[in-house]
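K.L.:
A single structure is presented below for examination.
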Amino acid sequence: FRAFHCLVAITGNVDGKGGNIRVKRPRGFRNYIDILHDPEFALPPDVAAKTLGADRFPLWAGPKGWQTSAHNPTVLDAILTGKPYPVRAMYVSGVNIAVTYPDTRKVLAALKSLDFLAVASHMMTPTSEIADIVLPKTTGLEEEEVSLEPSAQIVCYTNPVKPPEGAARSDFDFTTDLARRLETRGIDTRKFFPWESKQAFNEYLLGDEIDWDLFKKQGWAPFDFKLGNFDEAGFKTPSGKIELWSETLDAVGVDPLPAYETPRAEQSSPSDRKNFPLILITGAREKTYHHSRYRDQAWARKVSPFPLLQIHPDDADRLNLADGDWIAVETAGMDGVCKVKVTITRETDAGTVRTGMGWWLPEADGPEKGALDVNVNVALSYDGPWDPVTGSADTRGLPCRVTPIPESEIPMRETA
């Protein structure tokens with residue numbers, strides 16, 4: 001990936017017509033990444049250094065990380081082992097991590113072992129089902145938002161189309177109340193969260209160049225930008241230039257030059273290659289879904305009713321699979337089995353199979369709601385190996401096998 005972008009730079013195709021255009025925005029506009037890296041809101045260095053995973057993956061976690069947050073799998077390990085320090089409570093808002101993280105069984109075990117788990121959600125997801133407290137959360141249609149649309153050269157204002165349903169509240173409301181409650185415990189939260197209203201926060205994001213009242217009335221605001229203004233804007237690197245040899249990577253002990261690495265499937269043992277002859281790619285996108293969202297929506301389920309696995313016709317013939325067959329997907333080293341429907345297509349190379357992620361069944365019985373059956377993450381590891389730069393889990397290029405399942409093991413009916 002880095003090699004590709006280095007070639008784009010070497011050939012002069014950065015920020016010019018027909019090339020890769022850098023994200024532009026109005027002067028003074030901020031996003032949440034800007035806030036995370038603003039010294040005004042930074043944690044004390046000694047506290048930031050204790051962020052879980054910062055020692056191993058500083059470009060993910062800790063003060064130098066791109067989003068400064070903890071390394072997710074390291075947090076799960078700390079919950080389960082108490083090392084390097086115990087994590088006994090968690091607040092989860094607007095995400096369904098019991099389904100979207102790899103190794104579903106491990107994630108569920110970690111969440112269930114917490115002393116306290118609070119979840120903010122607009123519906124009862126597998127993550128919500130195991131929470132001690134579920135806070136009713138607003139959806140995007142009930143919230144006021146400011147967003148950047150760089151390809152259109154505009155900033156957009158999203159007006160709530162309806163008032164919050166019942167007692168539902170927004171992330172901002174939950175965070176504000178929690179921050180103010182922490183103040184009663186002697187914690188100075190105003191340094192990190194000084195805004196008293198969502199409008200104040202949105203005005204802060206918007207900056208001083210755009211008039212708030214006019215922007216809100218019109219619903220959008222255009223902005224001008226120049227292509228190729230490298231001398232003026234520079235790049236977010238230590239040198240301010242495009243770096244083929246990365247000073248940032250070198251500083252954290254990672255190869256500063258792009259280098260080819262043998263795919264995991266080719267590194268596997270002869271036994272694994274024999275028993276798991278296909279290569280699995282997960283995370284294929286579907287227009288109807290976003291991660292684990294919309295599985296409860298009738299319109300989405302009508303368009304994409306089942307979890308699918310794409311397979312090349314040659315592989316389907318060899319395995320005696322027909323379009324629409326239900327199969328089990330297994331990966332080397334994991335006990336979890338994912339059950340999906342076959343779709344035969346030449347869009348996927350021979351020897352490779354491809355599926356999405358985030359599947360669960362709101363209509364299913366039990367707190368897991370089908371996540372242990374139809375979610376490919378149940379067959380993926382969250383124990384490494386990790387990408388040495390980002391610390392990300394290995395979710396593509398995995399040795400796998402697929403086998404037909406009897407009708408009695410099909411996790412959902414055709415009428416779903």
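Chain identifiers are assigned as A, B, and so on, following the order in which chains appear in the structure tokens; residues are numbered from 1 within each chain, and ligands are numbered from 1 in order of appearance.
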As a list of chain:residue names, please: the residues near A:Lys341 (cut-off 6 Å, only C-alpha atoms, same-chain neighbours under 5 positions excluded).
P.N.:
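So, after excluding close chain neighbours, the residues are A:Leu308, A:Gly324, A:Asp325, A:Trp326.
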K.L.:
Mind pulling up the distance from atom CA of A:Tyr85 to atom CA of A:Thr104?
P.N.:
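According to the coordinates, atom CA of A:Thr104 and atom CA of A:Tyr85 are separated by 22.9 Å.
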K.L.:
If you run DSSP over the backbone, which residues in stretch 226-332 of chain A end up alpha helix (DSSP H)? Put them as number ranges by chain.
P.N.:
A: 230-233, 247-251, 264-267, 270-275, 298-303, 313-318
K.L.:
Tell me which of A:Leu214, A:Val402, A:Val87, A:Val107 sits closest to A:Gly351, counting only C-alpha atoms.
P.N.:
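Closest residue, counting only C-alpha atoms: A:Val402.
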K.L.:
Closest to A:Arg273 among A:Gln310, A:Ser292, A:Thr331, A:Asn72, using only C-alpha atoms?
P.N.:
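Once distances to A:Arg273 are computed over only C-alpha atoms, the minimum belongs to A:Thr331.
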K.L.:
Neighbours of A:Pro385 within 10 Å (only C-alpha atoms; same-chain residues fewer than 6 positions away dropped), as an NGL selection string?
P.N.:
:A and (264 or 391-394)
K.L.:
Residues near A:Asp272, anyone? I mean within 10 Å using only C-alpha atoms, not counting same-chain ones fewer than 5 positions away, as a VMD selection string.
P.N.:
chain A and resid 265 267 277 331 to 333 399 to 401
K.L.:
Grab the atom CA of A:Thr176 to atom CA of A:Glu209 distance for me, in Å with one decimal place.
P.N.:
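If I compute the distance from atom CA of A:Thr176 to atom CA of A:Glu209, I get 26.4 Å.
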K.L.:
Which residues come within 9 Å of A:Ala54, counting only C-alpha atoms, excluding same-chain residues fewer than 4 positions away, as a list in words?
P.N.:
Ala48, Ala49, Lys50, Pro58, Leu59, Trp60, Ala61, Gly62, Pro63, Lys64, Gly65, Thr68, Ser69, Ala70 and His71 of chain A
K.L.:
Include N, CA and C atoms and write out the residues we just selected as a compact mmCIF listing (two decimals), in the first residue's frame.
P.N.:
```
# COMPACT_ATOMS: atom_id res chain seq x y z
N ALA A 48 -0.79 9.27 29.27
CA ALA A 48 -0.90 8.82 27.88
C ALA A 48 0.01 7.63 27.60
N ALA A 49 1.17 7.61 28.25
CA ALA A 49 2.12 6.52 28.03
C ALA A 49 1.60 5.18 28.54
N LYS A 50 0.60 5.21 29.43
CA LYS A 50 0.03 3.98 29.97
C LYS A 50 -1.11 3.43 29.11
N PRO A 58 2.83 2.06 18.85
CA PRO A 58 2.70 3.49 19.13
C PRO A 58 2.02 4.29 18.02
N LEU A 59 1.91 3.73 16.82
CA LEU A 59 1.21 4.45 15.76
C LEU A 59 -0.29 4.21 15.80
N TRP A 60 -0.73 3.29 16.65
CA TRP A 60 -2.17 3.09 16.91
C TRP A 60 -2.52 3.74 18.25
N ALA A 61 -1.81 3.34 19.30
CA ALA A 61 -2.21 3.70 20.66
C ALA A 61 -1.25 4.72 21.26
N GLY A 62 -1.76 5.46 22.24
CA GLY A 62 -0.93 6.41 22.95
C GLY A 62 -0.81 7.74 22.25
N PRO A 63 0.03 8.63 22.77
CA PRO A 63 0.09 10.02 22.28
C PRO A 63 0.50 10.15 20.83
N LYS A 64 1.27 9.19 20.28
CA LYS A 64 1.69 9.27 18.89
C LYS A 64 0.77 8.52 17.94
N GLY A 65 -0.21 7.82 18.49
CA GLY A 65 -1.12 7.04 17.66
C GLY A 65 -2.01 7.94 16.83
N THR A 68 -4.91 7.99 18.99
CA THR A 68 -4.48 8.06 20.40
C THR A 68 -5.20 7.08 21.32
N SER A 69 -6.02 6.20 20.78
CA SER A 69 -6.82 5.30 21.63
C SER A 69 -6.03 4.05 21.99
N ALA A 70 -6.60 3.23 22.86
CA ALA A 70 -5.98 1.97 23.23
C ALA A 70 -6.07 0.97 22.08
N HIS A 71 -5.17 -0.01 22.10
CA HIS A 71 -5.15 -1.10 21.11
C HIS A 71 -6.22 -2.11 21.52
```
